[in-house]
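For reference, the structure is listed below as structure tokens.
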Amino acid sequence: MLKRFAFAAPFALALSSPAAMPASAQDAAPPATQDVVIETTMGDITVTLETGRAPVTAGNFLRYVDEDRFDGTVFYRAMRLDWGEQPNGLLQGGTRNDPERILDPIAHEPTSETGLTHDTGTISMARFDPGTATGDFTIMLAPLSSMDADPSSDDPSLRAGFAAFGRVVDGMDVVRAIFARPLDPEAGEGWMKGQMLTEPVEIVDIRRVAPAER
């Protein structure tokens, strides 16, 4: 899935004070979101999905949730990076491309369009080529700007980046505990060899919750 880990060049944003903004902008409602709880055998992880900013990707995830397609799946991969902030890397879980569980692939929503970024706790879609994501997802253990879209790249995959669609708002301790579990040095294919958990952690259920239920 992930083939590069380059730091993006720093950039600055010009911020306007509320007084300088039109009243309509000040009164505008924030983008729509939906909270879900990922119940695992090691504890719960609460995620806020950006249904307003990434409607295709978040909507796809919620369809899997509503149809119970994630129930009984697992977190199975911990990609560990030995540079930067520690722990560093990503945790992957979901359907493992099970034909009995997956739905049709979805259109790719790049971060250059959604405005989301791959920070600590970001949830993002796993994929092969852009437009092939189905029912596998990743959670960032540290900022990974190299997964954001890079519109200046000549490489189609790097230009597209990965589709971020939410963030962990509670339960990062559970994410870190799963990520730290032993790896099987022989499991996995190609560049993913050695990144598979020796004992995957079951996702018992993923369900919608109201913010007050966090």
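Residues are referred to by chain and number: the chain letter is A, B, ... according to the order shown in the structure tokens, the number counts from 1 in that chain, and ligands are numbered separately from 1 in the order shown.
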
Report as number ranges by chain: the residues of stretch 105-201 of chain A with a DSSP assignment of strand (DSSP E or B), based on the backbone of this structure.
A: 122-125, 136-140, 164-170, 183-184, 196-201

Output file for the selection above: C-alpha atoms, as a compact mmCIF listing (two decimals), in the first residue's frame:
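selection.txt, freshly written:
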# COMPACT_ATOMS: atom_id res chain seq x y z
CA THR A 122 -6.05 10.04 11.33
CA ILE A 123 -8.06 7.19 9.82
CA SER A 124 -7.45 6.62 6.11
CA MET A 125 -8.34 4.09 3.43
CA ASP A 136 -9.55 -1.92 4.72
CA PHE A 137 -8.39 1.11 6.66
CA THR A 138 -5.38 2.46 8.53
CA ILE A 139 -4.84 4.58 11.64
CA MET A 140 -1.78 6.83 11.89
CA ALA A 164 -8.06 10.45 4.97
CA PHE A 165 -11.63 10.61 6.26
CA GLY A 166 -11.60 11.06 10.04
CA ARG A 167 -9.63 10.96 13.27
CA VAL A 168 -9.46 9.07 16.55
CA VAL A 169 -10.94 11.19 19.35
CA ASP A 170 -10.69 8.60 22.13
CA LEU A 183 4.98 -9.28 14.64
CA ASP A 184 5.50 -12.45 12.63
CA MET A 196 1.78 -8.74 10.23
CA LEU A 197 0.68 -9.20 13.82
CA THR A 198 1.43 -12.67 15.16
CA GLU A 199 -2.03 -12.66 16.76
CA PRO A 200 -4.44 -10.27 15.02
CA VAL A 201 -6.82 -8.36 17.29

List the spatial neighbours of A:Pro99 as a ChimeraX atom specification - criterion: any atom at most 12 Å away, only C-alpha atoms, same-chain residues fewer than 3 positions off excluded.
/A:69,95-96,102-105,134-135

Only N, CA and C atoms, please: the residues just picked out, written as a short mmCIF file (atom, residue, chain, number, x, y, z; two decimals), in the first residue's frame.
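And here is the file that came out, out.cif:
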data_model
loop_
_atom_site.label_atom_id
_atom_site.label_comp_id
_atom_site.auth_asym_id
_atom_site.auth_seq_id
_atom_site.Cartn_x
_atom_site.Cartn_y
_atom_site.Cartn_z
N ARG A 69 -20.41 -5.32 8.19
CA ARG A 69 -19.37 -5.99 7.41
C ARG A 69 -18.01 -6.00 8.12
N THR A 95 -11.40 -5.75 6.28
CA THR A 95 -11.90 -6.97 5.65
C THR A 95 -10.82 -7.86 5.05
N ARG A 96 -9.62 -7.35 4.89
CA ARG A 96 -8.53 -8.09 4.23
C ARG A 96 -8.96 -8.58 2.85
N ILE A 102 -16.47 -7.47 1.07
CA ILE A 102 -16.19 -6.19 0.43
C ILE A 102 -17.30 -5.76 -0.52
N LEU A 103 -17.44 -4.44 -0.63
CA LEU A 103 -18.33 -3.82 -1.60
C LEU A 103 -17.49 -3.34 -2.79
N ASP A 104 -18.14 -2.74 -3.77
CA ASP A 104 -17.40 -2.23 -4.92
C ASP A 104 -16.41 -1.15 -4.50
N PRO A 105 -15.28 -1.04 -5.18
CA PRO A 105 -14.32 0.03 -4.88
C PRO A 105 -14.96 1.40 -5.04
N THR A 134 -11.66 -0.43 -0.70
CA THR A 134 -12.92 -1.11 -0.39
C THR A 134 -13.17 -1.10 1.12
N GLY A 135 -12.69 -2.12 1.83
CA GLY A 135 -13.04 -2.26 3.24
C GLY A 135 -11.86 -2.42 4.18
#

Quick one: residues within 12 Å of A:Ser112, only C-alpha atoms, excluding same-chain residues fewer than 2 positions away - as a count of residues only?
24

Exercise: A:Thr41 partners within 12 Å, only C-alpha atoms, chain neighbours under 2 positions left out, as number ranges by chain:
A: 38-39, 43-45, 71-75, 174-175, 177-178, 199-205

Would you save the residues of that selection, restricted to C-alpha atoms, as an mmCIF file, in the first residue's frame?
data_model
loop_
_atom_site.group_PDB
_atom_site.id
_atom_site.type_symbol
_atom_site.label_atom_id
_atom_site.label_comp_id
_atom_site.auth_asym_id
_atom_site.auth_seq_id
_atom_site.Cartn_x
_atom_site.Cartn_y
_atom_site.Cartn_z
ATOM 1 C CA ILE A 38 -14.580 0.460 17.042
ATOM 2 C CA GLU A 39 -15.022 -2.229 19.698
ATOM 3 C CA GLY A 43 -10.698 -1.947 24.161
ATOM 4 C CA ASP A 44 -12.723 0.683 22.337
ATOM 5 C CA ILE A 45 -11.565 3.288 19.819
ATOM 6 C CA ASP A 71 -17.924 -7.297 12.689
ATOM 7 C CA GLY A 72 -15.497 -10.152 13.306
ATOM 8 C CA THR A 73 -12.705 -8.668 11.174
ATOM 9 C CA VAL A 74 -9.300 -7.856 12.680
ATOM 10 C CA PHE A 75 -6.462 -5.413 13.040
ATOM 11 C CA VAL A 174 -5.790 1.079 22.514
ATOM 12 C CA VAL A 175 -4.395 1.824 19.046
ATOM 13 C CA ALA A 177 -1.312 -1.197 22.456
ATOM 14 C CA ILE A 178 -2.434 -3.123 19.362
ATOM 15 C CA GLU A 199 -2.030 -12.658 16.757
ATOM 16 C CA PRO A 200 -4.440 -10.271 15.022
ATOM 17 C CA VAL A 201 -6.816 -8.355 17.287
ATOM 18 C CA GLU A 202 -10.522 -8.883 16.641
ATOM 19 C CA ILE A 203 -12.831 -6.038 15.734
ATOM 20 C CA VAL A 204 -15.947 -7.221 17.542
ATOM 21 C CA ASP A 205 -18.221 -4.464 16.265
#

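Candidate residues A:Leu91, A:Val36, A:Met42, A:Ala107 were compared for distance to A:Asn60, and the nearest is A:Ala107, using only C-alpha atoms.
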
So which bits of stretch 41-151 of chain A end up helix (DSSP H, G or I) when you DSSP the backbone, as a PDB file with N, CA and C atoms, in the first residue's frame?
ATOM      1  N   PRO A  55     -17.214  12.931   1.884  1.00  0.00           N
ATOM      2  CA  PRO A  55     -18.489  12.202   1.882  1.00  0.00           C
ATOM      3  C   PRO A  55     -18.431  10.826   1.234  1.00  0.00           C
ATOM      4  N   VAL A  56     -17.649  10.663   0.183  1.00  0.00           N
ATOM      5  CA  VAL A  56     -17.579   9.362  -0.487  1.00  0.00           C
ATOM      6  C   VAL A  56     -16.900   8.336   0.407  1.00  0.00           C
ATOM      7  N   THR A  57     -15.743   8.714   0.970  1.00  0.00           N
ATOM      8  CA  THR A  57     -14.957   7.773   1.769  1.00  0.00           C
ATOM      9  C   THR A  57     -15.635   7.475   3.097  1.00  0.00           C
ATOM     10  N   ALA A  58     -16.081   8.525   3.798  1.00  0.00           N
ATOM     11  CA  ALA A  58     -16.770   8.315   5.073  1.00  0.00           C
ATOM     12  C   ALA A  58     -18.085   7.574   4.860  1.00  0.00           C
ATOM     13  N   GLY A  59     -18.784   7.896   3.770  1.00  0.00           N
ATOM     14  CA  GLY A  59     -20.036   7.207   3.476  1.00  0.00           C
ATOM     15  C   GLY A  59     -19.823   5.728   3.204  1.00  0.00           C
ATOM     16  N   ASN A  60     -18.743   5.400   2.519  1.00  0.00           N
ATOM     17  CA  ASN A  60     -18.410   3.997   2.275  1.00  0.00           C
ATOM     18  C   ASN A  60     -18.146   3.269   3.589  1.00  0.00           C
ATOM     19  N   PHE A  61     -17.358   3.884   4.474  1.00  0.00           N
ATOM     20  CA  PHE A  61     -17.056   3.268   5.763  1.00  0.00           C
ATOM     21  C   PHE A  61     -18.346   3.032   6.547  1.00  0.00           C
ATOM     22  N   LEU A  62     -19.246   4.014   6.534  1.00  0.00           N
ATOM     23  CA  LEU A  62     -20.495   3.872   7.279  1.00  0.00           C
ATOM     24  C   LEU A  62     -21.393   2.792   6.679  1.00  0.00           C
ATOM     25  N   ARG A  63     -21.318   2.582   5.390  1.00  0.00           N
ATOM     26  CA  ARG A  63     -22.098   1.487   4.805  1.00  0.00           C
ATOM     27  C   ARG A  63     -21.598   0.149   5.340  1.00  0.00           C
ATOM     28  N   TYR A  64     -20.275  -0.019   5.431  1.00  0.00           N
ATOM     29  CA  TYR A  64     -19.725  -1.243   6.027  1.00  0.00           C
ATOM     30  C   TYR A  64     -20.183  -1.375   7.479  1.00  0.00           C
ATOM     31  N   VAL A  65     -20.196  -0.244   8.206  1.00  0.00           N
ATOM     32  CA  VAL A  65     -20.639  -0.254   9.604  1.00  0.00           C
ATOM     33  C   VAL A  65     -22.103  -0.677   9.689  1.00  0.00           C
ATOM     34  N   ASP A  66     -22.955  -0.019   8.912  1.00  0.00           N
ATOM     35  CA  ASP A  66     -24.397  -0.259   8.998  1.00  0.00           C
ATOM     36  C   ASP A  66     -24.785  -1.666   8.553  1.00  0.00           C
ATOM     37  N   THR A 111      -6.580  14.235  -0.324  1.00  0.00           N
ATOM     38  CA  THR A 111      -6.529  15.252   0.731  1.00  0.00           C
ATOM     39  C   THR A 111      -6.438  16.655   0.153  1.00  0.00           C
ATOM     40  N   SER A 112      -5.969  16.778  -1.087  1.00  0.00           N
ATOM     41  CA  SER A 112      -5.909  18.092  -1.731  1.00  0.00           C
ATOM     42  C   SER A 112      -7.307  18.646  -1.988  1.00  0.00           C
ATOM     43  N   GLU A 113      -8.317  17.785  -1.989  1.00  0.00           N
ATOM     44  CA  GLU A 113      -9.701  18.220  -2.162  1.00  0.00           C
ATOM     45  C   GLU A 113     -10.447  18.297  -0.838  1.00  0.00           C
ATOM     46  N   THR A 114     -10.176  17.370   0.071  1.00  0.00           N
ATOM     47  CA  THR A 114     -10.913  17.349   1.344  1.00  0.00           C
ATOM     48  C   THR A 114     -10.345  18.318   2.373  1.00  0.00           C
ATOM     49  N   SER A 145       2.877  12.931   6.635  1.00  0.00           N
ATOM     50  CA  SER A 145       2.506  13.830   5.545  1.00  0.00           C
ATOM     51  C   SER A 145       2.789  13.223   4.182  1.00  0.00           C
ATOM     52  N   SER A 146       3.660  12.217   4.129  1.00  0.00           N
ATOM     53  CA  SER A 146       3.954  11.559   2.858  1.00  0.00           C
ATOM     54  C   SER A 146       2.757  10.798   2.304  1.00  0.00           C
ATOM     55  N   MET A 147       1.721  10.599   3.120  1.00  0.00           N
ATOM     56  CA  MET A 147       0.507   9.937   2.646  1.00  0.00           C
ATOM     57  C   MET A 147      -0.511  10.924   2.095  1.00  0.00           C
TER      58      MET A 147
END

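Here atom CA of A:Gly131 and atom CA of A:Met172 stand 28.3 Å from one another.
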
Quick one: residues within 6 Å of A:Val37, only C-alpha atoms counted, chain neighbours fewer than 4 positions away excluded, as a PDB file with N, CA and C atoms, in the first residue's frame?
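Just written: out-v8.pdb:
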ATOM      1  N   ILE A  45     -12.179   2.157  20.514  1.00  0.00           N
ATOM      2  CA  ILE A  45     -11.565   3.288  19.819  1.00  0.00           C
ATOM      3  C   ILE A  45     -12.705   4.110  19.231  1.00  0.00           C
ATOM      4  N   THR A  46     -12.805   5.381  19.602  1.00  0.00           N
ATOM      5  CA  THR A  46     -13.848   6.253  19.062  1.00  0.00           C
ATOM      6  C   THR A  46     -13.263   7.124  17.960  1.00  0.00           C
ATOM      7  N   ILE A 206     -18.340  -2.417  14.972  1.00  0.00           N
ATOM      8  CA  ILE A 206     -18.209  -0.972  14.788  1.00  0.00           C
ATOM      9  C   ILE A 206     -19.622  -0.425  14.669  1.00  0.00           C
ATOM     10  N   ARG A 207     -19.930   0.596  15.456  1.00  0.00           N
ATOM     11  CA  ARG A 207     -21.298   1.118  15.477  1.00  0.00           C
ATOM     12  C   ARG A 207     -21.287   2.640  15.561  1.00  0.00           C
TER      13      ARG A 207
END

Which is closest to A:Gly171 among A:Asp68, A:Leu144, A:Pro31, A:Gly121, if we use only C-alpha atoms?
A:Gly121
